[in-house]
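Note sheet for the following structure.
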Amino acid sequence: MGKVLMKGNEVIAEAAVHAGCKYFFGYPITPQSELVAYMARRLPEVGGLFLQAESEVAAINMVYGAAGTGVRVMTSSSSPGFSLKQEGISYLVGAELPALIVNVVRGGPGLGNIQPAQSDYFQVTKGGGHGDYHTPVLAPSTLQEIIDLTEAAFDIADRYRTPVILLGDGMLGQMMEPVEFKELSERKPEQKEWATTGTRGDGKPRIISSLELNADALEKRNELLQKKFTMIKQNEVRFETFETEDADYIVTAYGTAARIAMNAINKARKDGLKIGMIRPITLWPFPEQPFIATRDRVKGYLSVEMSAGQMVEDVRLAVEGKAPVSFFGRTGGVVPTQEEIYDQIIQLAGGVEV
Amino acid sequence: MTMKTVFEKTSGLTDNQTHYCPGCTHGIIHRMVGEVLEEMGILEDTVGVASVGCSVLSYEYFNCDMTQAAHGRAPAVATGIKRVLPDRFVFTYQGDGDLASIGIAEAVHAAARGENITVIFVNNAIYGMTGGQMAPTTLVGQKTATTPFGRDASIQGLPIRVSEMLSTLDGTAYIERVSTHDVPNILKAKKAIRKAFETQKQGLGFSMVEILSSCPTNWGLDPNESLDWIKDNMVPAYPLGVYKDVPKGGDEW
Amino acid sequence: MMEEILIAGFGGQGVMSMGQLIAYAGMTEGKFVSWLPSYGPEQRGGTANCAVVVSEEQVGSPLVSRPTTAIVLNNPSYEKFEPMVRAGGLLVVNSSLISKVSPRTDIRVLNIDATDKANELGNPKVANIILLGAFLEETGILSDESILEALKKVLSPEKHSLLEINRQALELGRSLTKAPTH
């Protein structure tokens with residue numbers, strides 16, 4: 001198809017269309033509004049439907065209804081709106097319905113601002129809503145990667161009957177980069193025998209529900225959910241490493257922060273420092289393996305985030321105290337610069353020989 | 001000698017025993033909805049949406065595909081289903097707390113959009129499942145767990161007349177308020193439910209039947225007294241009748 | 001080669017589209033590019049800016065904190081970004097609207113009276129393209145062909161009549177770098 005220059009928010013939308021998603025229910029919020037507008041124009045072209053809901057709460061529940069009919073469906077929002085969707089996400093998990101929820105993160109807490117941030121990490125990886133659950137979280141760092149991960153997100157959602165979160169931030173949503181899409185092909189819709197579409201002669205009525213009043217029965221159900229989470233942990237972990245083999249120090253970052261950190265790492269490497277990078281792509285399940293593989297020989301890790309320090313807790317759990325883990329972050333929509341990160345690396349490595 | 005069948009349970013309901021309290025009219029309303037679905041021959045083409053409250057388990061009782069929605073969100077869930085499957089029948093079954101309090105935004109906007117769905121709105125002027133607290137439809141002076149001295153308009157405000165309110169929206173096609181306090185009214189109620197589903201069948205837009213219902217347990221009355229209480233107290237506050245019946249919602253625009 | 005470019009000015013001066021032209025042209029020439037706008041309330045009336053990276057390698061940070069080139073179209077942008085240009089870098093100034101002259105000696109400075117020259121050409125809106133021409137002449141990172149190709153993509157078909165004046169503006173911008181500036 002050739003390369004096209006597109007905005008991140010629009011890439012997410014087009015990638016969803018390519019993944020066979022024809023239904024979108026959403027509510028405008030900066031900095032993801034282009035995604036909503038793109039879908040409003042695009043979905044009718046592929047015989048789909050876009051509906052602007054009266055609130056994020058309504059949007060996620062429309063997703064719940066549509067997901068129950070077995071189609072690929074999504075919604076998107078940014079931090080304050082994403083918080084409003086938490087109730088619905090918990091219900092999607094409980095009722096085991098697949099859907100894609102995009103969070104283009106902005107500065108918080110509260111209304112915060114509209115600048116890029118990664119401060120919703122706890123919310124997306126530790127459950128977020130009520131009840132014992134996790135949702136798979138995919139965090140692309142380039143616009144091309146958005147295309148792959150959006151499709152992967154829908155596949156994971158269908159495979160495990162679970163909502164999946166695609167986590168970006170204001171910078172990824174607003175920036176433009178060349179991307180290349182595969183030719184759009186008509187997908188065969190997956191057969192979902194659990195869907196509620198009217199029985200139409202195919203047996204007894206089906207029920208979609210997250211309610212189970214009997215404690216023993218709910219515990220059994222929760223055990224099945226936990227089994228599913230274990231399977232996801234075994235099968236769906238994604239990460240990327242860069243020159244970790246000989247690294248004295250490893251920087252770890254995801255999404256936008258990882259891109260910026262790469263510039264700093266490249267400069268440090270040119271200056272003769274052995275710095276590597278671990279970039280988690282799935283934030284849940286968190287990639288422990290590259291940390292386990294390196295923790296006995298590196299001198300330390302540096303977690304770089306656009307938050308006050310959230311992923312660093314998972315890094316410490318994975319490193320299990322076998323190496324020091326330090327943290328550098330900016331918050332409130334301030335994006336760390338490559339120069340700042342470079343300075344942090346130099347400080348960690350005890351200076352650079354000149 | 002063979003016995004002649006004079007009455008059969010509708011195939012619109014499952015064989016599950018309901019959990020409703022003795023004297024509660026939810027059972028009558030369930031049966032009417034089930035009968036209408038059966039009589040119209042649309043059971044296999046219907047997806048129902050259960051809400052939160054006493055009717056939370058209604059998915060166990062209606063003999064069609066059912067989805068259970070979060071508190072107040074049934075019209076949004078129904079919207080999601082109907083927009084994907086426009087040729088299927090979609091209805092919500094909601095109480096007054098679910099629809100008129102926490103879910104009023106979803107109800108208003110589904111109505112305003114003219115969603116081609118049917119809402120069965122059961123109004124018994126109280127929260128049942130949580131133990132008899134004030135609902136948006138609780139009458140002035142009515143005692144509940146959270147208005148122990150009676151609803152005081154100067155403190156809790158005045159009740160909401162949902163049928164009147166929603167009928168002002170151009171997206172609504174058919175809205176009627178009916179009651180369950182005696183047989184003639186029950187028969188009228190069933191006709192209204194039928195008409196609501198017919199409205200959906202013709203693709204005319206949002207239809208709702210508000211059904212005045214009893215709650216003997218939380219009202220502290222016996223079943224017969226409860227029916228009288230509907231007639232004597234609720235009907236004057238919530239006048240029965242057709243509030244909206246237009247050829248097609250939204251046509252005046 | 002990695003150019004980290006910051007373009008800043010009032011909303012309506014064509015700052016965003018100038019950045020997109022560079023990104024488009026870079027993509028056409030097979031380079032790695034990124035374009036990042038400032039966004040939000042500040043784009044409504046105040047100063048707008050965008051960051052463009054053109055590189056032979058995969059673009060890491062799309063955020064430009066220390067630009068190799070800054071193109072500034074109004075006073076507030078000059079004040080903000082003149083000090084940020086990396087040593088050895090380039091500062092392109094729209095001297096029609098900016099009276100200050102950079103005292104820095106560790107960077108190259110081009111003072112181009114782009115708005116006046118655009119008026120002379122007959123369309124004040126091409127001031128940005130004149131500055132773009134000067135930038136391209138000085139850095140040589142992209143060809144005019146790719147920029148004109150990009151223009152065809154950025155301009156809607158009914159505005160393709162403007163291609164010719166944009167070509168002239170580009171050429172004029174290139175020629176203006178020859179004039180003594182600093």
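Ordered as shown in the structure tokens, chains take letters A, B, and onward, while each chain numbers its residues from 1 and ligands are numbered from 1 in the order shown.
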Enumerate, in order of chain and increasing residue number, the residues of chain B with an atom no farther than 10 Å from chain A, each with its shortest atom pair and distance in Å to one decimal, counting only C-alpha atoms, as CSV.
```
residue,atom,partner,partner_atom,distance
B:Thr14,CA,A:Pro205,CA,9.6
B:Ile42,CA,A:Gly198,CA,9.1
B:Leu43,CA,A:Gly198,CA,7.6
B:Glu44,CA,A:Arg200,CA,4.7
B:Asp45,CA,A:Gly198,CA,4.5
B:Thr46,CA,A:Gly198,CA,5.0
B:Val47,CA,A:Gly198,CA,5.6
B:Gly48,CA,A:Gly198,CA,9.1
B:Val49,CA,A:Gly65,CA,8.9
B:Ala50,CA,A:Ser209,CA,9.2
B:Val56,CA,A:Leu211,CA,8.7
B:Leu57,CA,A:Leu211,CA,8.6
B:Tyr59,CA,A:Ile207,CA,6.8
B:Glu60,CA,A:Ile207,CA,8.2
B:Phe62,CA,A:Pro205,CA,8.9
B:Asn63,CA,A:Pro205,CA,6.4
B:Cys64,CA,A:Pro205,CA,4.9
B:Asp65,CA,A:Pro205,CA,4.6
B:Met66,CA,A:Ile207,CA,4.9
B:Thr67,CA,A:Ile208,CA,4.6
B:Gln68,CA,A:Ser209,CA,4.9
B:Ala69,CA,A:Ser209,CA,7.5
B:Ala70,CA,A:Tyr91,CA,7.2
B:His71,CA,A:Glu87,CA,9.8
B:Gly72,CA,A:Ala58,CA,9.6
B:Arg73,CA,A:Asn61,CA,6.4
B:Ala74,CA,A:Asn61,CA,8.0
B:Pro75,CA,A:Met62,CA,8.4
B:Ala76,CA,A:Met62,CA,4.9
B:Val77,CA,A:Gly65,CA,4.2
B:Ala78,CA,A:Gly65,CA,6.1
B:Thr79,CA,A:Met62,CA,5.9
B:Gly80,CA,A:Met62,CA,4.1
B:Ile81,CA,A:Ala66,CA,4.7
B:Lys82,CA,A:Ala66,CA,8.0
B:Arg83,CA,A:Ala66,CA,7.6
B:Val84,CA,A:Ala66,CA,6.2
B:Leu85,CA,A:Thr197,CA,7.5
B:Arg88,CA,A:Gly198,CA,7.1
B:Phe89,CA,A:Gly198,CA,8.4
B:Val90,CA,A:Gly198,CA,9.4
B:Gly103,CA,A:Ala58,CA,9.6
B:Ala105,CA,A:Glu54,CA,7.7
B:Glu106,CA,A:Ala58,CA,6.5
B:Val108,CA,A:Glu54,CA,9.6
B:His109,CA,A:Glu54,CA,6.7
B:Ala110,CA,A:Glu54,CA,9.1
B:Arg113,CA,A:Ala53,CA,10.0
```
Could you save the residues just selected, with N, CA and C atoms, as a CSV table (one decimal), in the first residue's frame?
```
chain,number,residue,atom,x,y,z
B,14,THR,N,-39.0,-19.0,31.5
B,14,THR,CA,-38.4,-20.3,31.8
B,14,THR,C,-39.2,-21.0,33.0
B,42,ILE,N,-41.7,-13.8,18.6
B,42,ILE,CA,-40.4,-13.2,18.4
B,42,ILE,C,-39.4,-13.6,19.5
B,43,LEU,N,-39.8,-14.6,20.3
B,43,LEU,CA,-38.9,-15.0,21.4
B,43,LEU,C,-37.5,-15.3,20.9
B,44,GLU,N,-37.4,-16.0,19.7
B,44,GLU,CA,-36.1,-16.4,19.2
B,44,GLU,C,-35.3,-15.2,18.6
B,45,ASP,N,-36.0,-14.1,18.4
B,45,ASP,CA,-35.4,-12.9,17.8
B,45,ASP,C,-35.1,-11.8,18.8
B,46,THR,N,-35.2,-12.2,20.1
B,46,THR,CA,-35.2,-11.1,21.1
B,46,THR,C,-34.0,-11.3,22.0
B,47,VAL,N,-33.4,-10.1,22.3
B,47,VAL,CA,-32.3,-10.1,23.4
B,47,VAL,C,-32.8,-9.1,24.4
B,48,GLY,N,-33.0,-9.6,25.7
B,48,GLY,CA,-33.4,-8.7,26.8
B,48,GLY,C,-32.2,-8.3,27.6
B,49,VAL,N,-32.4,-7.1,28.2
B,49,VAL,CA,-31.4,-6.6,29.1
B,49,VAL,C,-31.9,-6.4,30.5
B,50,ALA,N,-31.3,-7.2,31.4
B,50,ALA,CA,-31.7,-7.1,32.8
B,50,ALA,C,-30.9,-6.0,33.5
B,56,VAL,N,-32.8,-7.9,39.0
B,56,VAL,CA,-31.5,-8.2,38.5
B,56,VAL,C,-31.4,-9.6,37.9
B,57,LEU,N,-32.2,-10.5,38.5
B,57,LEU,CA,-32.2,-11.9,38.1
B,57,LEU,C,-33.2,-12.2,37.0
B,59,TYR,N,-32.9,-12.2,34.1
B,59,TYR,CA,-32.3,-13.0,33.0
B,59,TYR,C,-32.5,-14.5,33.2
B,60,GLU,N,-32.9,-14.9,34.4
B,60,GLU,CA,-33.1,-16.3,34.7
B,60,GLU,C,-34.6,-16.7,34.3
B,62,PHE,N,-36.8,-14.8,31.8
B,62,PHE,CA,-37.2,-14.6,30.4
B,62,PHE,C,-36.6,-15.7,29.6
B,63,ASN,N,-37.4,-16.3,28.7
B,63,ASN,CA,-36.9,-17.5,28.0
B,63,ASN,C,-36.4,-17.0,26.6
B,64,CYS,N,-35.5,-16.0,26.6
B,64,CYS,CA,-34.8,-15.6,25.4
B,64,CYS,C,-33.4,-15.2,25.8
B,65,ASP,N,-32.5,-14.9,24.8
B,65,ASP,CA,-31.2,-14.5,25.1
B,65,ASP,C,-31.3,-13.2,26.0
B,66,MET,N,-30.4,-13.2,27.0
B,66,MET,CA,-30.4,-12.1,28.0
B,66,MET,C,-29.0,-11.6,28.3
B,67,THR,N,-28.9,-10.3,28.6
B,67,THR,CA,-27.7,-9.7,29.0
B,67,THR,C,-28.0,-9.0,30.3
B,68,GLN,N,-27.0,-9.1,31.3
B,68,GLN,CA,-27.2,-8.4,32.5
B,68,GLN,C,-26.4,-7.1,32.5
B,69,ALA,N,-27.0,-6.0,32.7
B,69,ALA,CA,-26.3,-4.7,32.6
B,69,ALA,C,-25.9,-4.1,34.0
B,70,ALA,N,-24.9,-3.2,34.0
B,70,ALA,CA,-24.5,-2.5,35.2
B,70,ALA,C,-25.7,-1.6,35.6
B,71,HIS,N,-25.6,-1.1,36.9
B,71,HIS,CA,-26.7,-0.4,37.4
B,71,HIS,C,-27.0,0.9,36.6
B,72,GLY,N,-28.2,1.0,36.0
B,72,GLY,CA,-28.6,2.2,35.3
B,72,GLY,C,-28.2,2.2,33.8
B,73,ARG,N,-27.4,1.2,33.4
B,73,ARG,CA,-26.8,1.3,32.1
B,73,ARG,C,-27.5,0.5,31.0
B,74,ALA,N,-28.7,-0.1,31.4
B,74,ALA,CA,-29.4,-1.0,30.5
B,74,ALA,C,-29.7,-0.3,29.1
B,75,PRO,N,-30.1,0.9,29.1
B,75,PRO,CA,-30.4,1.5,27.8
B,75,PRO,C,-29.2,1.6,26.9
B,76,ALA,N,-28.0,1.9,27.5
B,76,ALA,CA,-26.8,2.0,26.8
B,76,ALA,C,-26.4,0.6,26.2
B,77,VAL,N,-26.5,-0.4,27.1
B,77,VAL,CA,-26.2,-1.8,26.7
B,77,VAL,C,-27.2,-2.2,25.5
B,78,ALA,N,-28.5,-1.9,25.7
B,78,ALA,CA,-29.5,-2.2,24.7
B,78,ALA,C,-29.1,-1.5,23.4
B,79,THR,N,-28.6,-0.2,23.5
B,79,THR,CA,-28.2,0.5,22.3
B,79,THR,C,-27.1,-0.3,21.5
B,80,GLY,N,-26.1,-0.7,22.3
B,80,GLY,CA,-25.0,-1.5,21.7
B,80,GLY,C,-25.5,-2.7,21.0
B,81,ILE,N,-26.4,-3.4,21.6
B,81,ILE,CA,-27.0,-4.6,20.9
B,81,ILE,C,-27.8,-4.3,19.7
B,82,LYS,N,-28.7,-3.3,19.9
B,82,LYS,CA,-29.6,-3.0,18.8
B,82,LYS,C,-28.9,-2.4,17.6
B,83,ARG,N,-27.8,-1.6,17.8
B,83,ARG,CA,-27.1,-1.0,16.7
B,83,ARG,C,-26.3,-2.1,15.9
B,84,VAL,N,-25.9,-3.2,16.6
B,84,VAL,CA,-25.3,-4.2,15.8
B,84,VAL,C,-26.3,-5.1,15.1
B,85,LEU,N,-27.5,-5.3,15.8
B,85,LEU,CA,-28.5,-6.3,15.3
B,85,LEU,C,-29.8,-5.5,15.2
B,88,ARG,N,-33.2,-7.5,15.3
B,88,ARG,CA,-33.6,-8.2,16.5
B,88,ARG,C,-34.4,-7.3,17.4
B,89,PHE,N,-35.2,-7.9,18.3
B,89,PHE,CA,-36.0,-7.1,19.3
B,89,PHE,C,-35.2,-7.0,20.5
B,90,VAL,N,-35.0,-5.8,21.0
B,90,VAL,CA,-34.2,-5.6,22.2
B,90,VAL,C,-35.1,-4.8,23.2
B,103,GLY,N,-29.6,5.8,36.4
B,103,GLY,CA,-29.5,5.6,34.9
B,103,GLY,C,-30.3,6.6,34.1
B,105,ALA,N,-29.5,9.4,32.8
B,105,ALA,CA,-28.8,10.0,31.7
B,105,ALA,C,-29.0,9.0,30.5
B,106,GLU,N,-28.7,7.7,30.8
B,106,GLU,CA,-28.8,6.7,29.7
B,106,GLU,C,-30.2,6.6,29.2
B,108,VAL,N,-32.6,9.0,29.2
B,108,VAL,CA,-32.9,10.2,28.5
B,108,VAL,C,-32.3,10.2,27.1
B,109,HIS,N,-31.0,9.8,27.0
B,109,HIS,CA,-30.3,9.9,25.7
B,109,HIS,C,-30.7,8.8,24.8
B,110,ALA,N,-31.0,7.6,25.3
B,110,ALA,CA,-31.5,6.5,24.4
B,110,ALA,C,-32.9,7.0,23.9
B,113,ARG,N,-32.3,9.8,21.3
B,113,ARG,CA,-31.7,9.3,20.0
B,113,ARG,C,-32.8,8.5,19.2
```
Residues of chain A were defined as contacting chain C if any atom lay at most 9 Å from it, counting only C-alpha atoms; please report them as a PyMOL selection string.
chain A and resi 3-5+7+30-31+114-115+142+171-172+174-178+256-263+335+337-339
Write to file, as a compact mmCIF listing (two decimals), in the first residue's frame, the residues of the selection just made, with C-alpha atoms.
```txt
# COMPACT_ATOMS: atom_id res chain seq x y z
CA LYS A 3 3.83 4.62 3.26
CA VAL A 4 1.48 7.32 4.47
CA LEU A 5 2.04 10.08 6.99
CA LYS A 7 -1.40 11.07 13.20
CA THR A 30 -8.44 15.69 24.25
CA PRO A 31 -5.90 14.40 23.29
CA ILE A 114 -4.00 17.51 28.15
CA GLN A 115 -0.26 16.95 27.87
CA THR A 142 5.89 3.93 17.37
CA MET A 171 2.41 12.53 22.27
CA LEU A 172 1.85 9.22 20.51
CA GLN A 174 -0.78 13.69 18.30
CA MET A 175 2.46 12.96 16.44
CA MET A 176 2.76 12.00 12.79
CA GLU A 177 5.03 9.31 11.43
CA PRO A 178 5.08 7.31 8.20
CA THR A 256 6.91 7.44 24.37
CA ALA A 257 9.39 7.45 27.26
CA ALA A 258 11.21 4.51 25.65
CA ARG A 259 11.67 6.42 22.38
CA ILE A 260 13.17 9.39 24.15
CA ALA A 261 15.34 7.20 26.34
CA MET A 262 16.70 5.48 23.20
CA ASN A 263 18.24 8.78 22.07
CA VAL A 335 7.96 14.97 28.99
CA THR A 337 14.06 15.27 27.49
CA GLN A 338 16.80 13.07 26.09
CA GLU A 339 19.34 15.42 27.72
```
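With only C-alpha atoms taken into account, the protein and nucleic acid residues at most 10 Å from Thr147 (chain B) (excluding it and anything under 2 positions from it in its own chain) are Gly132, Gln133, Met134, Ala135, Thr138, Val140, Gly141, Gln142, Lys143, Thr144, Ala145, Phe149, Gly150, Arg151, Asp152, Ile155 and Gln156 of chain B.
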Filtering to N, CA and C atoms, could you give me those residues as a PDB file, in the first residue's frame?
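part28.pdb, freshly written:
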```
ATOM      1  N   GLY B 132     -35.648  -1.000  50.820  1.00  0.00           N
ATOM      2  CA  GLY B 132     -36.692  -0.004  51.032  1.00  0.00           C
ATOM      3  C   GLY B 132     -36.228   1.426  51.212  1.00  0.00           C
ATOM      4  N   GLN B 133     -35.247   1.849  50.441  1.00  0.00           N
ATOM      5  CA  GLN B 133     -34.829   3.247  50.508  1.00  0.00           C
ATOM      6  C   GLN B 133     -35.625   4.107  49.533  1.00  0.00           C
ATOM      7  N   MET B 134     -35.447   5.431  49.661  1.00  0.00           N
ATOM      8  CA  MET B 134     -36.154   6.366  48.794  1.00  0.00           C
ATOM      9  C   MET B 134     -35.717   6.212  47.337  1.00  0.00           C
ATOM     10  N   ALA B 135     -36.690   6.224  46.439  1.00  0.00           N
ATOM     11  CA  ALA B 135     -36.424   6.233  45.001  1.00  0.00           C
ATOM     12  C   ALA B 135     -36.774   7.623  44.468  1.00  0.00           C
ATOM     13  N   THR B 138     -40.411   8.019  44.806  1.00  0.00           N
ATOM     14  CA  THR B 138     -41.052   7.956  46.124  1.00  0.00           C
ATOM     15  C   THR B 138     -41.945   9.187  46.298  1.00  0.00           C
ATOM     16  N   VAL B 140     -44.212  12.211  47.983  1.00  0.00           N
ATOM     17  CA  VAL B 140     -44.024  13.145  49.094  1.00  0.00           C
ATOM     18  C   VAL B 140     -44.778  12.601  50.306  1.00  0.00           C
ATOM     19  N   GLY B 141     -44.116  12.559  51.422  1.00  0.00           N
ATOM     20  CA  GLY B 141     -44.715  12.034  52.647  1.00  0.00           C
ATOM     21  C   GLY B 141     -44.491  10.554  52.847  1.00  0.00           C
ATOM     22  N   GLN B 142     -44.062   9.859  51.807  1.00  0.00           N
ATOM     23  CA  GLN B 142     -43.882   8.398  51.901  1.00  0.00           C
ATOM     24  C   GLN B 142     -42.666   8.062  52.767  1.00  0.00           C
ATOM     25  N   LYS B 143     -42.883   7.140  53.723  1.00  0.00           N
ATOM     26  CA  LYS B 143     -41.785   6.741  54.609  1.00  0.00           C
ATOM     27  C   LYS B 143     -40.965   5.627  53.964  1.00  0.00           C
ATOM     28  N   THR B 144     -39.667   5.780  53.970  1.00  0.00           N
ATOM     29  CA  THR B 144     -38.753   4.739  53.478  1.00  0.00           C
ATOM     30  C   THR B 144     -37.586   4.669  54.452  1.00  0.00           C
ATOM     31  N   ALA B 145     -36.672   3.740  54.232  1.00  0.00           N
ATOM     32  CA  ALA B 145     -35.523   3.587  55.132  1.00  0.00           C
ATOM     33  C   ALA B 145     -34.677   4.867  55.175  1.00  0.00           C
ATOM     34  N   PHE B 149     -39.008   9.967  58.179  1.00  0.00           N
ATOM     35  CA  PHE B 149     -40.104  10.846  58.599  1.00  0.00           C
ATOM     36  C   PHE B 149     -41.012  11.203  57.428  1.00  0.00           C
ATOM     37  N   GLY B 150     -40.839  10.491  56.345  1.00  0.00           N
ATOM     38  CA  GLY B 150     -41.615  10.774  55.138  1.00  0.00           C
ATOM     39  C   GLY B 150     -40.812  11.678  54.212  1.00  0.00           C
ATOM     40  N   ARG B 151     -40.978  11.485  52.913  1.00  0.00           N
ATOM     41  CA  ARG B 151     -40.243  12.315  51.955  1.00  0.00           C
ATOM     42  C   ARG B 151     -40.673  13.776  52.116  1.00  0.00           C
ATOM     43  N   ASP B 152     -39.718  14.631  52.339  1.00  0.00           N
ATOM     44  CA  ASP B 152     -39.968  16.052  52.560  1.00  0.00           C
ATOM     45  C   ASP B 152     -39.425  16.804  51.345  1.00  0.00           C
ATOM     46  N   ILE B 155     -36.425  18.883  51.566  1.00  0.00           N
ATOM     47  CA  ILE B 155     -35.124  18.230  51.775  1.00  0.00           C
ATOM     48  C   ILE B 155     -34.763  17.331  50.597  1.00  0.00           C
ATOM     49  N   GLN B 156     -35.683  16.417  50.238  1.00  0.00           N
ATOM     50  CA  GLN B 156     -35.357  15.428  49.202  1.00  0.00           C
ATOM     51  C   GLN B 156     -35.872  15.822  47.818  1.00  0.00           C
TER      52      GLN B 156
END
```
Please provide the set of residues having any atom within 12 Å of region 221-231 of chain B, restricted to only C-alpha atoms, with same-chain residues fewer than 5 positions apart removed, written as a PyMOL selection string.
chain B and resi 21-25+123-125+138-139+142+178-183+185-186+211-216+236-240
Once you have the residues from the selection above, write them out as a PDB file, in the first residue's frame, restricted to C-alpha atoms.
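Ended up saving to out.pdb:
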```
ATOM      1  CA  CYS B  21     -41.680 -11.543  47.411  1.00  0.00           C
ATOM      2  CA  PRO B  22     -45.268 -12.703  47.852  1.00  0.00           C
ATOM      3  CA  GLY B  23     -47.671 -10.124  46.490  1.00  0.00           C
ATOM      4  CA  CYS B  24     -45.061  -8.335  44.396  1.00  0.00           C
ATOM      5  CA  THR B  25     -46.363  -7.581  40.912  1.00  0.00           C
ATOM      6  CA  ASN B 123     -42.245   1.949  39.143  1.00  0.00           C
ATOM      7  CA  ASN B 124     -43.001   0.947  42.723  1.00  0.00           C
ATOM      8  CA  ALA B 125     -41.851   4.185  44.330  1.00  0.00           C
ATOM      9  CA  THR B 138     -41.052   7.956  46.124  1.00  0.00           C
ATOM     10  CA  LEU B 139     -44.124  10.044  46.924  1.00  0.00           C
ATOM     11  CA  GLN B 142     -43.882   8.398  51.901  1.00  0.00           C
ATOM     12  CA  VAL B 178     -50.287   1.615  33.162  1.00  0.00           C
ATOM     13  CA  SER B 179     -50.936  -0.069  36.491  1.00  0.00           C
ATOM     14  CA  THR B 180     -51.167  -3.539  38.003  1.00  0.00           C
ATOM     15  CA  HIS B 181     -53.596  -2.870  40.845  1.00  0.00           C
ATOM     16  CA  ASP B 182     -56.602  -4.745  39.367  1.00  0.00           C
ATOM     17  CA  VAL B 183     -57.481  -7.034  36.484  1.00  0.00           C
ATOM     18  CA  ASN B 185     -55.641  -2.415  34.491  1.00  0.00           C
ATOM     19  CA  ILE B 186     -53.479  -5.501  34.088  1.00  0.00           C
ATOM     20  CA  ILE B 211     -45.915   0.097  35.016  1.00  0.00           C
ATOM     21  CA  LEU B 212     -47.036   1.060  38.512  1.00  0.00           C
ATOM     22  CA  SER B 213     -46.176  -1.882  40.694  1.00  0.00           C
ATOM     23  CA  SER B 214     -46.397  -2.939  44.313  1.00  0.00           C
ATOM     24  CA  CYS B 215     -43.781  -3.608  46.978  1.00  0.00           C
ATOM     25  CA  PRO B 216     -45.637  -5.100  49.944  1.00  0.00           C
ATOM     26  CA  PRO B 236     -53.214  10.169  41.539  1.00  0.00           C
ATOM     27  CA  ALA B 237     -49.539  11.144  41.532  1.00  0.00           C
ATOM     28  CA  TYR B 238     -48.721   9.229  38.351  1.00  0.00           C
ATOM     29  CA  PRO B 239     -51.775   9.546  36.090  1.00  0.00           C
ATOM     30  CA  LEU B 240     -52.345   6.584  33.796  1.00  0.00           C
TER      31      LEU B 240
END
```
Can you tell me, as a PyMOL selection string, which residues in region 33-198 of chain B count as strand (DSSP E) by DSSP?
chain B and resi 46-50+65-68+89-95+118-123+172-179
Dump of C-alpha atoms for the selected residues, as a tab-separated table (two decimals), in the first residue's frame:
```
chain	number	residue	atom	x	y	z
B	46	THR	CA	-35.21	-11.13	21.13
B	47	VAL	CA	-32.35	-10.08	23.37
B	48	GLY	CA	-33.41	-8.74	26.76
B	49	VAL	CA	-31.35	-6.60	29.10
B	50	ALA	CA	-31.70	-7.11	32.84
B	65	ASP	CA	-31.19	-14.46	25.11
B	66	MET	CA	-30.45	-12.12	28.01
B	67	THR	CA	-27.68	-9.75	29.05
B	68	GLN	CA	-27.22	-8.38	32.52
B	89	PHE	CA	-36.00	-7.13	19.28
B	90	VAL	CA	-34.22	-5.56	22.21
B	91	PHE	CA	-35.85	-4.63	25.52
B	92	THR	CA	-34.70	-3.48	28.91
B	93	TYR	CA	-36.43	-4.32	32.17
B	94	GLN	CA	-35.66	-1.65	34.76
B	95	GLY	CA	-36.92	-0.47	38.12
B	118	THR	CA	-38.55	-1.12	24.28
B	119	VAL	CA	-38.16	-0.15	27.91
B	120	ILE	CA	-40.24	-1.90	30.53
B	121	PHE	CA	-40.10	0.52	33.44
B	122	VAL	CA	-41.37	-0.85	36.73
B	123	ASN	CA	-42.25	1.95	39.14
B	172	THR	CA	-39.83	8.87	21.61
B	173	ALA	CA	-42.55	7.12	19.63
B	174	TYR	CA	-44.75	5.45	22.22
B	175	ILE	CA	-44.98	6.02	25.96
B	176	GLU	CA	-47.80	4.83	28.19
B	177	ARG	CA	-48.24	4.56	31.94
B	178	VAL	CA	-50.29	1.61	33.16
B	179	SER	CA	-50.94	-0.07	36.49
```
I need the helix (DSSP H, G or I) residues of region 50-170 of chain C per DSSP on the backbone, written as a ChimeraX atom specification.
/C:75-84,114-121,124-139,144-154,157-170
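Nearest residue to Asn75 (chain C) among C:Ala8, C:Leu163, C:Ile129, C:Leu172 is C:Ala8, counting only C-alpha atoms.
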Which distance in Å separates CA of Gly8 (chain A) and CA of Ser33 (chain A), to one decimal?
11.2 Å
Mind checking which residues fall within 9 Å of Arg86 (chain C), counting only C-alpha atoms, ignoring those fewer than 2 positions away in the same chain, and posting them as a PyMOL selection string?
chain C and resi 66-69+83-84+88-90+106-107
